[in-house]
Amino acid sequence: MGNFSVNHYARFEPGARGLAIRYVMDLAEIPTFELFQQWGPDADPHQKALDQAREWTHNLAITVDGKPVQARVERASIVLSEGAGNMRVARISADLRPSDTASRFGG
């Protein structure tokens with residue numbers, strides 16, 4: 001992963017409670033630095049990860065049976081690791097649940 005990379009991952013799991021989506025973004029050194037600059041020096045990374053997941057979720061286009069649905073964030077977490085040049089890299093993971101999917105997936 002280059003210093004400017006942002007990688008996305010989404011896993012879809014149908015179940016009794018409807019469709020669950022695991023959404024993960026890996027941020028390399030520069031995007032992590034920019035995100036922390038945006039958040040400010042006194043920000044709680046765990047609360048901000050939840051806020052960030054909510055923001056990203058609003059930008060996802062999810063449709064069920066051809067109709068747009070909004071997803072809600074059930075939980076989010078952040079893991080910070082050491083990157084190149086003593087800079088941090090971040091992985092923000094979020095568990096999402098699109099509205100109105102339980103009846104379609106066995107709920």
# chains A, B, ... in the order shown; residues from 1 in each chain; ligands from 1
>>> select_by_dssp(residues="chain A", states="alpha helix (DSSP H)", output="VMD selection string")
chain A and resid 29 to 39 45 to 58
>>> residues_around(residues="Arg72 in chain A", least_positions_apart="2", cutoff="8 Å", atoms="only C-alpha atoms", output="list of chain:residue names")
A:Arg54, A:Thr57, A:Gln70, A:Glu74, A:Leu96, A:Arg97, A:Pro98, A:Ser99
>>> residues_around(residues="Ile92 in chain A", least_positions_apart="2", cutoff="8 Å", atoms="only C-alpha atoms", output="mmCIF file with C-alpha atoms, in the first residue's frame")
data_model
loop_
_atom_site.group_PDB
_atom_site.id
_atom_site.type_symbol
_atom_site.label_atom_id
_atom_site.label_comp_id
_atom_site.auth_asym_id
_atom_site.auth_seq_id
_atom_site.Cartn_x
_atom_site.Cartn_y
_atom_site.Cartn_z
ATOM 1 C CA VAL A 24 -13.558 -1.428 6.150
ATOM 2 C CA MET A 25 -11.321 1.380 4.998
ATOM 3 C CA ASP A 26 -7.549 1.123 5.237
ATOM 4 C CA ALA A 49 -14.298 6.583 13.916
ATOM 5 C CA ALA A 53 -18.311 5.669 9.513
ATOM 6 C CA ALA A 76 -17.390 1.157 14.366
ATOM 7 C CA SER A 77 -13.807 0.818 15.508
ATOM 8 C CA ILE A 78 -10.390 2.130 14.616
ATOM 9 C CA VAL A 79 -7.026 0.409 14.738
ATOM 10 C CA ALA A 90 -5.533 3.618 10.264
ATOM 11 C CA ALA A 94 -17.922 -0.512 10.599
#
>>> closest_residue(among="A:Gly2, A:Ala20, A:Gln52, A:Ala71", to="Phe36 in chain A", atoms="only C-alpha atoms")
A:Gln52
>>> closest_residue(among="A:Gly85, A:Pro45, A:Pro31, A:Pro68", to="Phe4 in chain A", atoms="only C-alpha atoms")
A:Pro31
>>> atom_distance(atom1="CA of Phe33 in chain A", atom2="CA of Val73 in chain A")
23.9 Å
>>> atom_distance(atom1="CA of Asn3 in chain A", atom2="CA of Gln47 in chain A")
24.7 Å
>>> atom_distance(atom1="CA of Trp56 in chain A", atom2="CA of Met87 in chain A")
23.5 Å
>>> residues_around(residues="Ile21 in chain A", least_positions_apart="4", cutoff="6 Å", atoms="only C-alpha atoms", output="list of chain:residue names")
A:Arg11, A:Phe12, A:Asp95, A:Leu96
>>> write_last_selection(atoms="N, CA and C atoms", output="compact mmCIF listing (two decimals), in the first residue's frame")
# COMPACT_ATOMS: atom_id res chain seq x y z
N ARG A 11 -18.08 -6.64 2.94
CA ARG A 11 -18.54 -8.03 2.97
C ARG A 11 -20.04 -8.00 3.27
N PHE A 12 -20.82 -8.70 2.47
CA PHE A 12 -22.27 -8.75 2.61
C PHE A 12 -22.67 -10.11 3.16
N ASP A 95 -19.77 -1.94 11.14
CA ASP A 95 -20.84 -2.90 10.88
C ASP A 95 -22.09 -2.11 10.54
N LEU A 96 -22.60 -2.33 9.33
CA LEU A 96 -23.73 -1.59 8.82
C LEU A 96 -24.93 -2.52 8.65
>>> select_by_dssp(residues="chain A", states="strand (DSSP E or B)", output="PyMOL selection string")
chain A and resi 6-15+18-27+62-64+67-69+71-82+88-98
